[in-house]
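Accompanying notes for the structure given below.
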Amino acid sequence: MPVKNRFSELLPEITAWRHDLHANPEILFDTHRTSAIVADKLSEFGCDEVVTGIGRTGVVAVIKGKIDTSGKVIGLRADMDALPIHEQTGLEYSSKIDGAMHACGHDGHTAMLLGAAKYLSETRNFDGTVVLIFQPAEEGGAGGKEMCDDGLMERWNIQEVYGMHNWPGRPVGAFSIRSGAFFAATDTFEIMFEGVGGHAAKPNDTVDTMVMASQAVLTLQTIASRNADPVDSLVVSVTSIESSSKAFNVIPQRIDIRGTVRTMSETMRDMAEKRIAEVCNGTAATFGGSVVINYMRGYPVMVNSDVQTEFAAQVATSVSGGCDEAPLIMGGEDFAFMLEERPGAYILVGNGDTAMVHHPEYNFNDEAIPAGCSWWAEIVEKRMPAG
């Protein structure tokens, strides 16, 4: 197809952009260099409008079709930020920033959407308007929410919105998607048990926080196994236990535990939060101590709209010959905030046999670029055909 042919021609250029972004990763909202490069390229391509500073360091660009009788406006979103990971790939273009790495492929997402922007600016073979959204702080900073809070959808009258993520373990360029709940809500908790510290040889003179915390960790596992409906998805994971003492012969006065909760529905989310409080309050009371619980709600469940999901799958099939149904994913994705404001869909594109995302040896597969760019362009041209 013409789109794929054009992106094959552009592949060396897009790959060079990606490698530069990979070598210069920026974390959360500190995407100043990345955002500047994105804005400069969008202006160079001839976009009709380029705006920076949306959601702190986000970039938004507008490309108008050669006609606009439909009045349609579609948003396409890519994330730009990296992770606080020390890269171990050994690539010639590996990270120059110690402790920062594009370990999730956002460099690839940004480069692919830039490639689509260049093509769409050249051809404008659609009836309507496309809004390109380059977002910071997907990795825990809720940059998507900040862009929405800055009026992203209203200011540009976006009517539906689409996102994409690479996925290791899937054939390069192969697509998968699912309608409805797709990525999990991602909540976190901090639980602080307080007792009476003392000498480890005299436990009878203490209120032992270690016993409290240990009992709580075990009991928290029953929330998924005994409180959740087996057909519902729920993960409760304790990931850190920290004592106020590191001595061998001291029973600590305080122990802090931290963890995460992943759910696929608000009902399950509410139940998990309620049961964590009940379990920990009950445990502390049983052993004569006290507890403070801080439950923090993070990204909501990411829910694909039915109509847009079906359309996105049709486009993926036209690009790569098929589109599989994706599994439920218990990871989080702050594109969820955009899908709460507008109907849309989020799709996965195969990254081949690479390390999984968030691994120090992960790398985005440049061979996926033509398929990803083609999907972006076809979303626009098929959703807003120019007659």
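As shown in the structure tokens, the chain order sets the letters A, B, ...; within each chain, residues go from 1, and ligands are also counted from 1 in the order they appear.
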
message: Using only C-alpha atoms, which protein or nucleic acid residues come within 9 Å of Ala313 (chain A)? Drop anything in the same chain fewer than 6 positions from it, and give the result as a list in words.
response: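 Once the nearby chain positions are removed, what remains is Phe175, Ser176, Ile177, Arg178, Gly322, Cys323, Asp324 and Ile347 of chain A.
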
field: Long-range neighbours of Ile85 (chain A) as a ChimeraX atom specification, 6 Å cut-off, only C-alpha atoms, 4 positions minimum in chain
entry: /A:99-101

- prompt: Which residues, written as a PyMOL selection string, have at least one atom at most 12 Å from Thr219 (chain A), with only C-alpha atoms counted and residues fewer than 3 positions away on the same chain left out?
  reply: chain A and resi 212-216+222-227+236-238+275-283

- prompt: With only C-alpha atoms as the atoms that count, which of A:Tyr299, A:Tyr93, A:Tyr346, A:Phe287 lies nearest to Phe193 (chain A)?
  reply: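 Among the listed residues, A:Phe287 lies closest to Phe193 (chain A).
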
message: I need the residues in region 175-323 of chain A that are strand (DSSP E or B) according to DSSP; give them as a ChimeraX atom specification.
response: /A:175-177,180-183,185-194,196,198-199,207,234-243,250-251,254-263,290-299,302-304,323

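Compared by their closest atoms to Glu194 (chain A), and using only C-alpha atoms, the residues A:Thr239, A:Ser244, A:Asn24, A:Asn166 rank with A:Ser244 nearest.
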
task: For region 169-171 of chain A, work out the shell of residues within 9 Å, counting only C-alpha atoms and skipping chain neighbours fewer than 5 positions away, then give it as a PyMOL selection string.
output: chain A and resi 176+349-356

message: Quick check, in Å to one decimal: how far apart do CA of Gln135 (chain A) and CA of Glu154 (chain A) lie?
response: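 Taking CA of Gln135 (chain A) as the start and CA of Glu154 (chain A) as the end point, the length is 16.6 Å.
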